[in-house]
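One file, coords_38.cif, carrying mmCIF, C-alpha atoms:
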```
data_start
loop_
_atom_site.label_atom_id
_atom_site.label_comp_id
_atom_site.auth_asym_id
_atom_site.auth_seq_id
_atom_site.Cartn_x
_atom_site.Cartn_y
_atom_site.Cartn_z
CA MET A 1 -5.35 11.36 -13.58
CA ASN A 2 -5.50 13.93 -10.77
CA LEU A 3 -2.53 16.27 -11.02
CA SER A 4 -3.74 18.73 -8.41
CA GLY A 5 -3.52 19.11 -4.66
CA MET A 6 -7.06 19.30 -3.26
CA ASN A 7 -9.42 16.39 -3.00
CA SER A 8 -12.76 16.56 -4.76
CA MET A 9 -14.68 17.73 -1.70
CA GLN A 10 -12.24 20.56 -0.97
CA ARG A 11 -12.16 21.57 -4.62
CA THR A 12 -15.93 21.68 -5.01
CA LEU A 13 -16.59 23.50 -1.73
CA THR A 14 -13.95 26.10 -2.61
CA ALA A 15 -15.50 26.72 -6.02
CA MET A 16 -18.99 26.95 -4.51
CA SER A 17 -17.66 29.52 -2.04
CA HIS A 18 -16.86 31.67 -5.10
CA LYS A 19 -13.13 31.19 -4.68
CA GLU A 20 -10.63 29.57 -6.99
CA PRO A 21 -9.60 26.03 -6.02
CA ASP A 22 -6.55 24.21 -7.37
CA ARG A 23 -8.41 23.39 -10.58
CA VAL A 24 -11.92 23.61 -11.98
CA PRO A 25 -14.13 20.90 -10.47
CA PHE A 26 -16.04 18.81 -12.98
CA PHE A 27 -19.05 16.56 -12.58
CA LEU A 28 -19.86 13.73 -14.96
CA PRO A 29 -23.39 12.64 -14.04
CA LEU A 30 -23.04 9.11 -15.37
CA THR A 31 -26.16 7.36 -14.17
CA MET A 32 -26.17 4.48 -16.67
CA HIS A 33 -22.54 4.00 -17.70
CA GLY A 34 -21.93 1.92 -14.60
CA ALA A 35 -24.08 -0.79 -16.17
CA LYS A 36 -21.58 -0.96 -19.05
CA GLU A 37 -18.70 -1.20 -16.61
CA LEU A 38 -20.31 -4.15 -14.85
CA GLY A 39 -21.67 -5.83 -17.98
CA LEU A 40 -25.27 -5.56 -16.77
CA SER A 41 -28.51 -4.42 -18.33
CA ILE A 42 -29.74 -1.05 -17.10
CA LYS A 43 -32.66 -2.70 -15.30
CA GLU A 44 -30.42 -5.22 -13.53
CA TYR A 45 -27.88 -2.54 -12.68
CA PHE A 46 -30.48 -0.49 -10.82
CA SER A 47 -31.90 -3.52 -9.03
CA LYS A 48 -29.62 -3.22 -6.01
CA ALA A 49 -27.43 -0.65 -4.29
CA GLU A 50 -24.22 -2.66 -4.53
CA ASN A 51 -24.28 -2.52 -8.34
CA VAL A 52 -24.64 1.25 -8.43
CA VAL A 53 -21.98 1.77 -5.77
CA GLU A 54 -19.50 -0.39 -7.67
CA GLY A 55 -20.38 1.37 -10.92
CA GLN A 56 -19.93 4.82 -9.42
CA LEU A 57 -16.58 3.92 -7.88
CA ARG A 58 -15.27 2.44 -11.11
CA LEU A 59 -16.35 5.50 -13.10
CA SER A 60 -14.80 7.83 -10.53
CA ASN A 61 -11.51 5.97 -10.76
CA LYS A 62 -11.68 5.89 -14.55
CA TYR A 63 -12.38 9.57 -15.20
CA GLY A 64 -11.30 11.34 -12.01
CA HIS A 65 -14.37 13.57 -11.87
CA ASP A 66 -15.42 15.27 -8.66
CA CYS A 67 -18.69 13.66 -7.60
CA LEU A 68 -20.44 10.39 -6.84
CA LEU A 69 -24.13 10.00 -7.66
CA GLY A 70 -26.59 8.55 -5.20
CA PHE A 71 -29.21 8.63 -7.93
CA PHE A 72 -30.78 5.96 -10.11
CA TYR A 73 -33.43 7.53 -12.39
CA GLY A 74 -36.07 10.25 -12.16
CA PRO A 75 -39.25 8.16 -12.06
CA ILE A 76 -38.01 6.10 -9.12
CA GLU A 77 -40.01 8.62 -7.09
CA ILE A 78 -43.07 7.67 -9.13
CA GLN A 79 -42.53 4.03 -8.17
CA ALA A 80 -42.71 5.10 -4.53
CA TRP A 81 -46.15 6.60 -5.24
CA GLY A 82 -47.23 3.31 -6.82
CA GLY A 83 -46.69 4.37 -10.42
CA GLU A 84 -45.24 2.45 -13.35
CA VAL A 85 -41.68 2.65 -14.70
CA ILE A 86 -40.63 1.47 -18.16
CA TYR A 87 -37.04 0.27 -18.68
CA TYR A 88 -34.99 0.60 -21.87
CA ASP A 89 -31.83 -1.12 -23.05
CA ASP A 90 -30.01 2.07 -24.03
CA GLY A 91 -31.57 4.94 -22.13
CA PRO A 92 -32.93 6.05 -18.77
CA PRO A 93 -36.05 4.41 -17.34
CA ASN A 94 -39.16 6.49 -17.93
CA SER A 95 -42.49 6.83 -16.18
CA GLY A 96 -45.42 4.87 -17.59
CA GLU A 97 -49.13 5.61 -17.40
CA PRO A 98 -49.88 8.43 -14.93
CA PHE A 99 -51.22 7.16 -11.63
CA ILE A 100 -53.38 10.28 -11.21
CA ARG A 101 -55.96 9.43 -13.86
CA LYS A 102 -58.43 12.21 -13.11
CA GLN A 103 -58.18 15.41 -11.11
CA GLU A 104 -60.51 14.13 -8.39
CA ASP A 105 -57.94 11.45 -7.50
CA ILE A 106 -55.87 14.17 -5.83
CA SER A 107 -58.44 14.62 -3.07
CA SER A 108 -57.74 11.13 -1.68
CA LEU A 109 -54.04 10.94 -2.59
CA GLU A 110 -51.51 10.24 0.16
CA ALA A 111 -47.76 10.73 -0.03
CA PRO A 112 -45.63 7.60 0.21
CA VAL A 113 -43.78 6.66 3.38
CA ILE A 114 -40.09 6.57 2.44
CA ALA A 115 -39.24 3.68 4.75
CA GLU A 116 -41.93 1.54 3.09
CA SER A 117 -40.57 1.99 -0.47
CA LYS A 118 -38.03 -0.68 -1.46
CA HIS A 119 -36.88 1.51 -4.36
CA LEU A 120 -36.15 4.54 -2.19
CA ARG A 121 -34.49 2.34 0.43
CA GLU A 122 -32.05 1.13 -2.22
CA ILE A 123 -31.08 4.71 -3.03
CA LEU A 124 -30.52 5.43 0.66
CA ARG A 125 -28.36 2.31 0.93
CA THR A 126 -26.40 3.46 -2.10
CA ILE A 127 -25.76 6.88 -0.57
CA SER A 128 -24.78 5.32 2.75
CA LEU A 129 -22.30 2.94 1.10
CA LEU A 130 -20.82 5.71 -1.06
CA HIS A 131 -20.48 7.90 2.02
CA GLU A 132 -18.61 5.11 3.80
CA LYS A 133 -16.29 4.34 0.89
CA SER A 134 -15.53 7.96 -0.08
CA ALA A 135 -14.46 8.88 3.48
CA GLY A 136 -15.63 12.47 3.04
CA GLU A 137 -13.26 13.17 0.15
CA VAL A 138 -15.81 13.22 -2.71
CA PRO A 139 -19.19 14.99 -2.80
CA ILE A 140 -22.14 12.60 -2.94
CA LEU A 141 -25.05 14.09 -4.85
CA GLY A 142 -28.64 13.16 -4.15
CA VAL A 143 -31.65 14.16 -6.24
CA ALA A 144 -35.17 15.29 -5.44
CA ILE A 145 -37.71 16.18 -8.11
CA SER A 146 -39.37 19.55 -7.52
CA PRO A 147 -42.97 19.40 -6.22
CA PHE A 148 -43.86 21.76 -9.06
CA SER A 149 -42.32 19.56 -11.77
CA VAL A 150 -43.03 16.00 -10.63
CA PRO A 151 -46.78 16.22 -11.54
CA VAL A 152 -45.76 15.89 -15.20
CA MET A 153 -44.97 12.26 -14.34
CA GLN A 154 -47.81 11.91 -11.84
CA MET A 155 -50.63 12.97 -14.14
CA GLY A 156 -49.25 13.93 -17.57
CA PHE A 157 -48.25 17.36 -18.85
CA GLU A 158 -51.52 18.44 -20.46
CA ALA A 159 -53.62 17.39 -17.46
CA TYR A 160 -51.19 19.14 -15.14
CA LEU A 161 -51.43 22.43 -17.04
CA GLU A 162 -55.21 22.25 -16.77
CA LEU A 163 -54.82 21.79 -13.02
CA VAL A 164 -52.44 24.75 -12.76
CA TYR A 165 -54.73 27.11 -14.64
CA PHE A 166 -58.22 25.98 -13.66
CA GLU A 167 -58.20 24.04 -10.37
CA PRO A 168 -56.46 26.13 -7.69
CA ARG A 169 -57.78 24.08 -4.76
CA LEU A 170 -56.60 20.74 -6.14
CA PHE A 171 -53.34 22.31 -7.32
CA GLU A 172 -52.65 23.51 -3.78
CA LYS A 173 -53.52 20.08 -2.38
CA LEU A 174 -51.09 18.36 -4.75
CA MET A 175 -48.36 20.90 -4.02
CA GLN A 176 -48.68 20.35 -0.27
CA LEU A 177 -48.43 16.58 -0.71
CA ASN A 178 -45.45 16.92 -3.03
CA MET A 179 -43.67 19.47 -0.85
CA ASN A 180 -44.01 17.23 2.19
CA PHE A 181 -42.64 14.26 0.28
CA CYS A 182 -39.85 16.21 -1.47
CA ALA A 183 -38.51 17.72 1.75
CA ALA A 184 -38.71 14.40 3.59
CA TRP A 185 -37.01 12.58 0.72
CA ALA A 186 -34.21 15.15 0.43
CA ASN A 187 -33.62 15.09 4.19
CA ALA A 188 -33.55 11.29 4.24
CA GLN A 189 -30.76 11.43 1.66
CA PHE A 190 -28.81 13.87 3.82
CA GLU A 191 -29.23 11.55 6.79
CA ALA A 192 -27.85 8.70 4.67
CA GLY A 193 -24.73 10.74 3.84
CA ALA A 194 -25.48 12.93 0.81
CA THR A 195 -23.42 16.11 0.55
CA ALA A 196 -25.95 18.10 -1.48
CA ILE A 197 -29.29 17.70 -3.21
CA THR A 198 -29.96 18.48 -6.84
CA TYR A 199 -33.46 19.97 -6.98
CA PHE A 200 -34.69 19.14 -10.48
CA ASP A 201 -37.31 21.67 -11.58
CA PRO A 202 -37.58 21.76 -15.39
CA VAL A 203 -41.18 23.00 -15.49
CA SER A 204 -40.06 26.27 -13.86
CA SER A 205 -37.79 27.08 -16.78
CA PRO A 206 -38.80 29.92 -19.15
CA THR A 207 -38.35 27.29 -21.85
CA ILE A 208 -41.51 25.60 -20.51
CA ILE A 209 -43.68 28.28 -18.86
CA PRO A 210 -43.76 32.11 -18.79
CA ARG A 211 -41.88 33.77 -15.96
CA GLU A 212 -45.15 35.25 -14.66
CA LEU A 213 -46.61 31.78 -14.17
CA PHE A 214 -43.42 30.61 -12.48
CA LEU A 215 -43.53 33.55 -10.08
CA ASN A 216 -47.17 32.88 -9.26
CA LYS A 217 -46.99 29.09 -8.92
CA GLY A 218 -43.53 27.50 -9.03
CA PHE A 219 -41.55 30.14 -7.17
CA PRO A 220 -43.51 29.95 -3.88
CA VAL A 221 -43.23 26.16 -4.00
CA ALA A 222 -39.47 26.33 -4.50
CA VAL A 223 -39.00 28.86 -1.69
CA GLU A 224 -40.96 26.77 0.81
CA THR A 225 -39.51 23.42 -0.21
CA ILE A 226 -35.88 24.53 -0.24
CA ARG A 227 -36.43 26.20 3.15
CA ARG A 228 -37.44 22.81 4.55
CA ILE A 229 -34.47 20.91 3.08
CA LYS A 230 -31.77 20.62 5.74
CA GLY A 231 -28.67 20.95 3.63
CA PRO A 232 -27.13 22.48 0.48
CA VAL A 233 -29.32 22.56 -2.63
CA ALA A 234 -28.52 23.24 -6.27
CA THR A 235 -31.42 23.83 -8.66
CA HIS A 236 -31.34 22.23 -12.10
CA LEU A 237 -33.80 23.05 -14.87
CA ALA A 238 -32.71 19.99 -16.93
CA SER A 239 -31.60 21.75 -20.13
CA GLY A 240 -34.17 24.54 -19.76
CA ARG A 241 -33.14 28.18 -19.98
CA THR A 242 -32.36 29.96 -16.71
CA LEU A 243 -31.19 33.52 -17.42
CA PRO A 244 -34.62 35.27 -17.25
CA ILE A 245 -35.24 33.90 -13.72
CA ILE A 246 -31.74 34.04 -12.19
CA ASP A 247 -32.69 36.84 -9.79
CA ASP A 248 -35.77 34.86 -8.74
CA LEU A 249 -33.78 31.68 -8.17
CA VAL A 250 -31.35 33.55 -5.92
CA LYS A 251 -34.31 34.38 -3.67
CA THR A 252 -35.14 30.69 -3.24
CA LYS A 253 -31.82 30.30 -1.34
CA THR A 254 -30.52 27.67 -3.72
CA GLY A 255 -26.74 27.54 -3.92
CA GLY A 256 -26.18 26.66 -7.56
CA ILE A 257 -27.89 26.45 -10.92
CA GLY A 258 -27.58 23.91 -13.73
CA ILE A 259 -27.70 25.86 -16.97
CA SER A 260 -28.75 25.23 -20.56
CA ALA A 261 -26.38 24.66 -23.46
CA GLU A 262 -28.56 27.14 -25.37
CA GLU A 263 -27.44 30.03 -23.17
CA ASP A 264 -24.17 31.96 -23.24
CA LEU A 265 -21.99 30.67 -20.46
CA ALA A 266 -20.11 33.93 -19.93
CA GLU A 267 -23.37 35.88 -19.66
CA LEU A 268 -24.74 33.37 -17.15
CA LYS A 269 -21.56 33.53 -15.10
CA ASN A 270 -21.77 37.31 -14.93
CA ALA A 271 -25.43 37.14 -13.86
CA CYS A 272 -24.66 34.60 -11.14
CA ARG A 273 -21.28 35.95 -9.96
CA GLY A 274 -20.98 35.81 -6.19
CA ARG A 275 -24.59 34.62 -5.83
CA LEU A 276 -25.01 31.22 -7.47
CA THR A 277 -22.52 28.58 -8.53
CA VAL A 278 -22.86 27.92 -12.26
CA ILE A 279 -23.01 24.22 -13.16
CA GLY A 280 -22.70 23.27 -16.81
CA ASN A 281 -23.04 23.66 -19.73
CA LEU A 282 -21.56 21.01 -22.06
CA ASN A 283 -24.18 19.85 -24.54
CA GLY A 284 -24.99 16.26 -23.62
CA LEU A 285 -26.85 15.45 -26.83
CA GLU A 286 -24.11 16.82 -29.07
CA MET A 287 -21.61 14.95 -26.90
CA ILE A 288 -22.92 11.68 -28.40
CA ASN A 289 -21.32 12.64 -31.75
CA TRP A 290 -18.20 14.42 -30.48
CA ASN A 291 -14.68 13.26 -31.17
CA SER A 292 -11.76 13.88 -28.83
CA ASP A 293 -10.83 17.22 -30.42
CA GLN A 294 -14.39 18.53 -30.12
CA ALA A 295 -14.56 17.46 -26.48
CA GLU A 296 -11.29 19.23 -25.70
CA LEU A 297 -12.40 22.42 -27.45
CA ALA A 298 -15.75 22.49 -25.63
CA VAL A 299 -14.06 22.04 -22.26
CA ARG A 300 -11.46 24.72 -22.94
CA GLU A 301 -14.07 27.24 -24.10
CA ALA A 302 -16.28 26.62 -21.07
CA ILE A 303 -13.38 27.01 -18.66
CA ASN A 304 -12.23 30.24 -20.29
CA LYS A 305 -15.74 31.70 -20.08
CA ALA A 306 -16.75 30.73 -16.58
CA ALA A 307 -13.87 29.55 -14.39
CA PRO A 308 -12.18 32.81 -13.30
CA GLY A 309 -13.14 33.82 -9.78
CA GLY A 310 -14.55 30.42 -8.81
CA GLY A 311 -18.27 29.78 -8.63
CA PHE A 312 -18.15 27.31 -11.52
CA VAL A 313 -18.44 23.54 -11.85
CA LEU A 314 -17.97 22.11 -15.34
CA ALA A 315 -20.71 19.59 -16.17
CA ASP A 316 -23.20 18.67 -18.84
CA ASN A 317 -26.30 20.78 -19.39
CA HIS A 318 -28.98 18.23 -18.51
CA GLY A 319 -27.83 16.57 -15.30
CA GLU A 320 -27.49 13.14 -16.93
CA ILE A 321 -25.04 12.17 -19.64
CA PRO A 322 -26.63 10.00 -22.35
CA PHE A 323 -25.85 6.29 -22.36
CA GLN A 324 -24.53 6.61 -25.94
CA VAL A 325 -21.64 8.96 -25.04
CA SER A 326 -18.44 7.02 -25.60
CA ASP A 327 -15.64 6.26 -23.17
CA GLU A 328 -13.31 8.05 -25.58
CA VAL A 329 -15.23 11.31 -25.29
CA LEU A 330 -15.58 11.05 -21.51
CA GLY A 331 -11.87 10.39 -21.23
CA SER A 332 -11.13 13.38 -23.44
CA ILE A 333 -13.26 15.62 -21.22
CA SER A 334 -11.30 14.43 -18.19
CA GLU A 335 -7.96 14.97 -19.91
CA ALA A 336 -8.98 18.44 -21.07
CA VAL A 337 -9.96 19.49 -17.53
CA ASN A 338 -6.58 18.38 -16.27
CA LYS A 339 -4.94 20.26 -19.14
CA TYR A 340 -6.89 23.52 -19.07
CA GLY A 341 -8.64 23.49 -15.70
CA PHE A 342 -5.88 25.08 -13.66
CA TYR A 343 -6.53 28.73 -13.10
CA THR A 344 -3.47 29.95 -14.94
CA TYR A 345 -5.22 28.67 -18.09
CA SER A 346 -8.64 30.09 -17.22
CA LYS A 347 -7.09 33.52 -16.75
CA GLY A 348 -5.37 33.26 -20.11
CA LYS A 349 -1.84 33.24 -18.73
#
```

Could you spell out this file's structure in structure tokens?
Amino acid sequence: MNLSGMNSMQRTLTAMSHKEPDRVPFFLPLTMHGAKELGLSIKEYFSKAENVVEGQLRLSNKYGHDCLLGFFYGPIEIQAWGGEVIYYDDGPPNSGEPFIRKQEDISSLEAPVIAESKHLREILRTISLLHEKSAGEVPILGVAISPFSVPVMQMGFEAYLELVYFEPRLFEKLMQLNMNFCAAWANAQFEAGATAITYFDPVSSPTIIPRELFLNKGFPVAVETIRRIKGPVATHLASGRTLPIIDDLVKTKTGGIGISAEEDLAELKNACRGRLTVIGNLNGLEMINWNSDQAELAVREAINKAAPGGGFVLADNHGEIPFQVSDEVLGSISEAVNKYGFYTYSKGK
């Protein structure tokens, strides 16, 4: 239940302007729970835009969170390149065999045309329908996988690392293709009605690669790609650590950062204050086993650490809440935000 005065768009924009809105905005990135609401398998749910739109609207009404997702699953981009996707009954679809089978394949690779991909067209229809139904009152979040991170699905992690270290010419070729596609895909989502793009870039995290390698390879890609995206961007390292590269991420001109549950939220907020909106950092995996009291405690602690002064959106740490997280826990998170999310609580009054 919404007990506050702003709508979700006003609340989120105020927080991202590093001011205090009426209450802390919270995002529940529920990509698969809509299938439960509609009584569909995950594969059937993602088969057409109308299912996802209905699922998103029902979840928004049920939990009162502050976003709608125009996003299906990460490897949908791989489908656009002609790659394989494997569906599961109780988890997100995953990419199958890499479609870049040897490094030489990159020389003749061509980026997909968005208008020719039925999968990407369904996402654009979803965003357009959500935009129409939300009437500008709720942020609609799109997703684009970073050109530096998507090769893990395109060619496999080990083969990609070999490319990064030993094949600079082919690495540059792949980055140019991916940057062109990523910017075009993000901008197509804005044209369809997205409010902001989540730029997923887990490979850039210090959890995955040394900062020196990020600065040499991933950072220039992020700077150029984000420059070409014609709207607000928030970078998400998908559970990876962020603190060692916060100053670098600021230079990419991203507006927010999704942070790891392994990092101290108060320390991250201090590092980002006035520069990046902090998004997180409830532990999505632990959330599977939470009870209502644990959910309430986690929400209260996060709000106390990061809410004062604005610049904070409460969310999970990964950018996608696991399918196994119960309705009870999600409801408890919502109730706790409406109990503790007003700024008199976050300031300890």

Please indicate the distance in Å from atom CA of A:Ala144 to atom CA of A:Phe166, rounded to one decimal place.
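Separation between atom CA of A:Ala144 and atom CA of A:Phe166: 26.7 Å.
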
Which residues are close to stretch 308-318 of chain A, i.e. within 8 Å by only C-alpha atoms, leaving aside same-chain residues fewer than 2 positions away? Reply as number ranges by chain.
A: 12, 14-21, 24-29, 236-239, 258-261, 269, 273-274, 276-284, 299, 302-306, 320-321, 343, 346-347

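Reported to one decimal place, the separation of atom CA of A:Tyr45 from atom CA of A:Tyr87 is 11.3 Å.
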
Nearest to A:Val221 by atom-to-atom distance, counting all atoms listed in the file, from A:Glu97, A:Leu59, A:Lys48, A:Ala183:
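The closest residue to A:Val221 is A:Ala183.
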
Closest of A:Val233, A:Cys182, A:Leu297, A:Ile246 to A:Leu215 - atom-to-atom distances counting all atoms listed in the file
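When distances to A:Leu215 are compared using all atoms listed in the file, the smallest one comes from A:Ile246.
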
Distance of atom CA of A:Phe342 from atom CA of A:Asn270, expressed in Å to one decimal place:
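Between atom CA of A:Asn270 and atom CA of A:Phe342 the gap is 20.1 Å.
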
Which polymer residues have any atom within 6 Å of an atom of A:Ala49, counting all atoms listed in the file, with same-chain residues fewer than 2 positions away left out, as number ranges by chain?
A: 51-52, 122, 126

What does the PyMOL selection byres ((chain A and resi 322) around 8) select in this file, as a PyMOL selection string?
chain A and resi 30+32+91+284-285+288+320-321+323-325

Reference answer for the PyMOL selection byres ((chain A and resi 156) around 12), as a PyMOL selection string:
chain A and resi 95-103+149-155+157-163

For A:Glu296, list every protein, DNA or RNA residue within 12 Å, evaluated using all atoms listed in the file, and leave out those in the same chain fewer than 5 positions away; present the list as a PyMOL selection string.
chain A and resi 282+287+290-291+301-303+328-341

Selection result of the PyMOL selection byres ((chain A and resi 181) around 12) on this file, as a ChimeraX atom specification
/A:77-78,80-81,110-115,120,144-147,150,174-180,182-188,225,228-229

Pick out the residues sitting within 10 Å of A:Pro93, and hand them over as a list in words; count only C-alpha atoms, and ignore anything fewer than 2 positions along from it in its own chain.
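My list of contacting residues is Met32, Ile42, Lys43, Phe46, Phe72, Tyr73, Gly74, Pro75, Ile76, Val85, Ile86, Tyr87, Tyr88, Asp89, Asp90, Gly91, Ser95 and Gly96 of chain A.
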
Using only C-alpha atoms, pick whichever of A:Gly218, A:Gly136, A:Pro168, A:Pro202 has the shortest atom-to-atom distance to A:Phe148.
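Of A:Gly218, A:Gly136, A:Pro168, A:Pro202, the one nearest A:Phe148 is A:Gly218, counting only C-alpha atoms.
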
Emit as JSON the padded axis-aligned box for all listed atoms of stretch 213-231 of chain A, 4 Å per side, with centre and edge lengths in Å to one decimal.
```
{"center_x": -37.9, "center_y": 27.1, "center_z": -4.2, "size_x": 26.5, "size_y": 20.9, "size_z": 27.9}
```
